[in-house]
Amino acid sequence: MLHYIYGHDLHHYPTLRDTMFRDRAAQFKHRLGWDAVTVDEHGHEIDAYDALDPIYVIWELPDGTHGGSLRMMPTVGQTMVNDHFTNLTDGVRIESPLIWECTRLCISPTADYRVTAALVVGAGELMDAFALEHYVGVFFDKMDRVFALSHIKADILGVAEEADTTGDRIAVGTWEITAECMARNLKRVGVSRETSRMWFRQSFARSRVETTPQVAYSKCA
């Protein structure tokens, strides 16, 4: 099932939290070999943006561990794309209450074929509930294949002229989760929209009014 968890609530889900950060370490540090990421003494890959109270969209496996996740945060606050990648956007900062940044797409090596589709569904539920128009993110240009398989059309804003040490070029792009995209990915996950909405409601019912986030996550009213 899907969970939507604010950073300040992760301690209520220690198994999901620990396995997510360890899977991130396995994916980004050990498998992809990203020099910029660090792993702490607990085997967790955590960066400065995890301290900014993002929302994590997490697919939970039947054994209660992390199957896949996304990290979401409003662009009206601090973001990776604005802090480090404006060279790919001609110096333009992507800042709007209608655009959130999506980072740290991570898939557990033990997850099945449904996980990517489930995360797309989760992104769609957030987009609908918070009245968002687009997501923005930094990704390798080879992610085009993943977008296509997920029925997402990304608008590429800029691509690095040179490849990194892995031979991949970094890109910045925006995308939306359309109704057709949601329908196709719900079918792949094998759940109805009502089930998806129930997961969303359950997550926010648990965290609602406990604390006020540092950045306003209002419905842009």
# chains A, B, ... in the order shown; residues from 1 in each chain; ligands from 1
call {"tool": "residues_around", "arguments": {"residues": "A:Leu98", "least_positions_apart": "4", "cutoff": "7 Å", "atoms": "only C-alpha atoms", "output": "PyMOL selection string"}}
result
chain A and resi 131-134
call {"tool": "residues_around", "arguments": {"residues": "stretch 3-10 of chain A", "least_positions_apart": "3", "cutoff": "9 Å", "atoms": "only C-alpha atoms", "output": "short mmCIF file (atom, residue, chain, number, x, y, z; two decimals) with N, CA, C and O atoms, in the first residue's frame"}}
result
data_model
loop_
_atom_site.label_atom_id
_atom_site.label_comp_id
_atom_site.auth_asym_id
_atom_site.auth_seq_id
_atom_site.Cartn_x
_atom_site.Cartn_y
_atom_site.Cartn_z
N TYR A 13 7.22 5.49 11.93
CA TYR A 13 7.31 4.37 10.99
C TYR A 13 8.77 3.91 10.88
O TYR A 13 9.39 4.03 9.82
N PRO A 14 9.35 3.41 11.96
CA PRO A 14 10.80 3.12 11.96
C PRO A 14 11.24 2.10 10.92
O PRO A 14 12.32 2.24 10.34
N LEU A 16 9.74 1.42 7.90
CA LEU A 16 9.71 2.08 6.59
C LEU A 16 10.83 3.11 6.47
O LEU A 16 11.49 3.20 5.43
N ARG A 17 11.05 3.89 7.51
CA ARG A 17 12.10 4.91 7.50
C ARG A 17 13.47 4.30 7.28
O ARG A 17 14.21 4.71 6.37
N ASP A 50 16.32 16.32 3.37
CA ASP A 50 15.50 15.48 4.25
C ASP A 50 15.20 16.19 5.56
O ASP A 50 14.26 15.81 6.27
N ALA A 51 15.97 17.23 5.89
CA ALA A 51 15.74 17.99 7.12
C ALA A 51 14.71 19.09 6.95
O ALA A 51 14.37 19.77 7.92
N LEU A 52 14.16 19.26 5.72
CA LEU A 52 13.24 20.35 5.44
C LEU A 52 11.78 19.92 5.48
O LEU A 52 10.91 20.59 4.93
N ASP A 53 11.50 18.81 6.12
CA ASP A 53 10.13 18.30 6.32
C ASP A 53 9.40 18.06 4.99
O ASP A 53 8.27 18.55 4.80
N PRO A 54 10.00 17.30 4.08
CA PRO A 54 9.28 16.96 2.85
C PRO A 54 8.17 15.97 3.13
O PRO A 54 8.04 15.45 4.25
N ILE A 55 7.38 15.68 2.10
CA ILE A 55 6.44 14.56 2.16
C ILE A 55 7.07 13.41 1.39
O ILE A 55 7.52 13.57 0.25
N TYR A 56 7.12 12.25 2.02
CA TYR A 56 7.60 11.03 1.36
C TYR A 56 6.41 10.21 0.89
O TYR A 56 5.49 9.94 1.67
N VAL A 57 6.42 9.84 -0.37
CA VAL A 57 5.44 8.89 -0.90
C VAL A 57 6.14 7.54 -0.88
O VAL A 57 7.15 7.34 -1.57
N ILE A 58 5.63 6.61 -0.09
CA ILE A 58 6.32 5.33 0.12
C ILE A 58 5.39 4.16 -0.18
O ILE A 58 4.28 4.09 0.36
N TRP A 59 5.86 3.26 -1.00
CA TRP A 59 5.16 2.00 -1.26
C TRP A 59 5.67 0.97 -0.27
O TRP A 59 6.86 0.68 -0.21
N GLU A 60 4.74 0.43 0.52
CA GLU A 60 5.09 -0.56 1.54
C GLU A 60 4.91 -1.97 0.99
O GLU A 60 3.87 -2.30 0.42
N GLY A 122 0.74 7.72 -6.46
CA GLY A 122 0.90 8.56 -5.29
C GLY A 122 1.16 10.01 -5.65
O GLY A 122 0.60 10.93 -5.04
N LEU A 126 -1.24 13.37 -4.74
CA LEU A 126 -0.74 14.62 -4.19
C LEU A 126 -1.08 15.80 -5.09
O LEU A 126 -1.49 16.87 -4.62
N TRP A 199 -6.07 5.23 0.79
CA TRP A 199 -4.70 5.25 1.32
C TRP A 199 -4.27 6.68 1.63
O TRP A 199 -3.65 6.93 2.66
N PHE A 200 -4.61 7.60 0.73
CA PHE A 200 -4.23 9.00 0.92
C PHE A 200 -4.93 9.56 2.16
O PHE A 200 -4.30 10.19 3.01
N GLN A 202 -6.17 8.01 4.74
CA GLN A 202 -5.68 7.39 5.96
C GLN A 202 -4.36 8.01 6.41
O GLN A 202 -4.16 8.25 7.60
N SER A 203 -3.47 8.27 5.46
CA SER A 203 -2.17 8.85 5.80
C SER A 203 -2.33 10.23 6.42
O SER A 203 -1.72 10.54 7.46
N PHE A 204 -3.15 11.07 5.80
CA PHE A 204 -3.27 12.43 6.29
C PHE A 204 -4.18 12.53 7.50
O PHE A 204 -4.06 13.48 8.29
N SER A 207 -1.74 12.27 10.40
CA SER A 207 -0.80 13.36 10.68
C SER A 207 -1.46 14.73 10.77
O SER A 207 -0.83 15.69 11.18
N THR A 211 1.20 19.05 13.85
CA THR A 211 2.12 20.18 13.86
C THR A 211 1.89 20.97 12.60
O THR A 211 1.28 20.50 11.65
N PRO A 213 3.69 22.43 9.35
CA PRO A 213 4.94 22.30 8.61
C PRO A 213 5.64 23.64 8.48
O PRO A 213 5.02 24.70 8.52
#
call {"tool": "atom_distance", "arguments": {"atom1": "atom CA of A:Ala179", "atom2": "atom CA of A:Trp100"}}
result
18.3 Å
call {"tool": "select_by_dssp", "arguments": {"residues": "stretch 57-131 of chain A", "states": "strand (DSSP E or B)", "output": "JSON, numbers by chain"}}
result
{"A": [57, 58, 59, 60, 66, 67, 68, 69, 70, 71, 72, 73, 74, 99, 100, 101, 102, 103, 104, 105, 106, 107]}
call {"tool": "residues_around", "arguments": {"residues": "A:Ala118", "least_positions_apart": "4", "cutoff": "9 Å", "atoms": "only C-alpha atoms", "output": "list in words"}}
result
Met1, Leu2, Ile58, Trp59, Gly68, Arg114, Gly122, Ala123, Asn185, Leu186, Arg188 and Val189 of chain A
call {"tool": "write_last_selection", "arguments": {"atoms": "N, CA, C and O atoms", "output": "CSV table (one decimal), in the first residue's frame"}}
result
chain,number,residue,atom,x,y,z
A,1,MET,N,0.8,-1.2,0.0
A,1,MET,CA,0.0,0.0,0.0
A,1,MET,C,0.9,1.2,0.0
A,1,MET,O,2.1,1.2,0.3
A,2,LEU,N,0.2,2.4,-0.3
A,2,LEU,CA,1.0,3.7,-0.3
A,2,LEU,C,0.8,4.4,1.0
A,2,LEU,O,-0.3,4.4,1.7
A,58,ILE,N,5.6,6.6,-0.1
A,58,ILE,CA,6.3,5.3,0.1
A,58,ILE,C,5.4,4.2,-0.2
A,58,ILE,O,4.3,4.1,0.4
A,59,TRP,N,5.9,3.3,-1.0
A,59,TRP,CA,5.2,2.0,-1.3
A,59,TRP,C,5.7,1.0,-0.3
A,59,TRP,O,6.9,0.7,-0.2
A,68,GLY,N,9.5,1.3,-2.5
A,68,GLY,CA,9.9,2.4,-3.4
A,68,GLY,C,9.4,3.7,-2.8
A,68,GLY,O,8.5,3.7,-1.9
A,114,ARG,N,5.0,-3.6,-9.8
A,114,ARG,CA,4.0,-2.5,-9.5
A,114,ARG,C,4.5,-1.3,-8.9
A,114,ARG,O,3.9,-0.2,-8.9
A,122,GLY,N,0.7,7.7,-6.5
A,122,GLY,CA,0.9,8.6,-5.3
A,122,GLY,C,1.2,10.0,-5.7
A,122,GLY,O,0.6,10.9,-5.0
A,123,ALA,N,2.0,10.2,-6.7
A,123,ALA,CA,2.3,11.6,-7.1
A,123,ALA,C,1.0,12.2,-7.7
A,123,ALA,O,0.7,13.4,-7.5
A,185,ASN,N,-1.8,3.7,-14.6
A,185,ASN,CA,-1.0,3.2,-13.6
A,185,ASN,C,-1.8,2.6,-12.5
A,185,ASN,O,-1.3,1.6,-11.8
A,186,LEU,N,-3.0,3.0,-12.2
A,186,LEU,CA,-3.9,2.3,-11.3
A,186,LEU,C,-4.1,0.9,-11.8
A,186,LEU,O,-4.1,-0.1,-11.0
A,188,ARG,N,-2.2,-0.9,-13.6
A,188,ARG,CA,-0.9,-1.7,-13.5
A,188,ARG,C,-0.7,-2.1,-12.0
A,188,ARG,O,-0.3,-3.2,-11.7
A,189,VAL,N,-1.1,-1.2,-11.1
A,189,VAL,CA,-0.9,-1.5,-9.7
A,189,VAL,C,-2.0,-2.6,-9.3
A,189,VAL,O,-1.8,-3.4,-8.4
call {"tool": "closest_residue", "arguments": {"among": "A:Ala26, A:Leu88, A:Met182, A:Leu119", "to": "A:Val138", "atoms": "only C-alpha atoms"}}
result
A:Leu88
call {"tool": "select_by_dssp", "arguments": {"residues": "stretch 5-125 of chain A", "states": "helix (DSSP H, G or I)", "output": "PyMOL selection string"}}
result
chain A and resi 7-12+14-31+48-52+80-84+86-88+115-125
call {"tool": "atom_distance", "arguments": {"atom1": "atom CA of A:Ala154", "atom2": "atom CA of A:Phe85"}}
result
17.1 Å
call {"tool": "closest_residue", "arguments": {"among": "A:Val92, A:Ala163, A:Ala111, A:Ile170", "to": "A:Asp144", "atoms": "only C-alpha atoms"}}
result
A:Ile170
call {"tool": "closest_residue", "arguments": {"among": "A:Thr178, A:Arg184, A:Glu101, A:His66", "to": "A:Asn82", "atoms": "only C-alpha atoms"}}
result
A:Glu101
call {"tool": "atom_distance", "arguments": {"atom1": "atom CA of A:Pro109", "atom2": "atom CA of A:Asp47"}}
result
21.4 Å
call {"tool": "closest_residue", "arguments": {"among": "A:Met80, A:Val146, A:Val120, A:Cys106", "to": "A:Leu32", "atoms": "only C-alpha atoms"}}
result
A:Cys106
call {"tool": "closest_residue", "arguments": {"among": "A:Arg169, A:Glu194, A:Thr174, A:Ala25", "to": "A:Asp40", "atoms": "only C-alpha atoms"}}
result
A:Ala25
call {"tool": "residues_around", "arguments": {"residues": "A:Ile177", "least_positions_apart": "4", "cutoff": "7 Å", "atoms": "only C-alpha atoms", "output": "list in words"}}
result
Gly124, Ile152, Cys181 and Met182 of chain A
call {"tool": "closest_residue", "arguments": {"among": "A:Asp155, A:Glu95, A:Asp23, A:Asp112", "to": "A:Leu61", "atoms": "only C-alpha atoms"}}
result
A:Asp112
call {"tool": "residues_around", "arguments": {"residues": "A:Asn87", "least_positions_apart": "4", "cutoff": "12 Å", "atoms": "only C-alpha atoms", "output": "list in words"}}
result
Val81, Asn82, Asp83, Gly91, Val92, Arg93, Val138, Leu157, Gly158, Val159, Ala160, Glu161, Ile170, Ala171 and Val172 of chain A
call {"tool": "residues_around", "arguments": {"residues": "A:Ile46", "least_positions_apart": "5", "cutoff": "8 Å", "atoms": "only C-alpha atoms", "output": "list in words"}}
result
Phe21, Val37, Thr38, Val39 and Asp40 of chain A
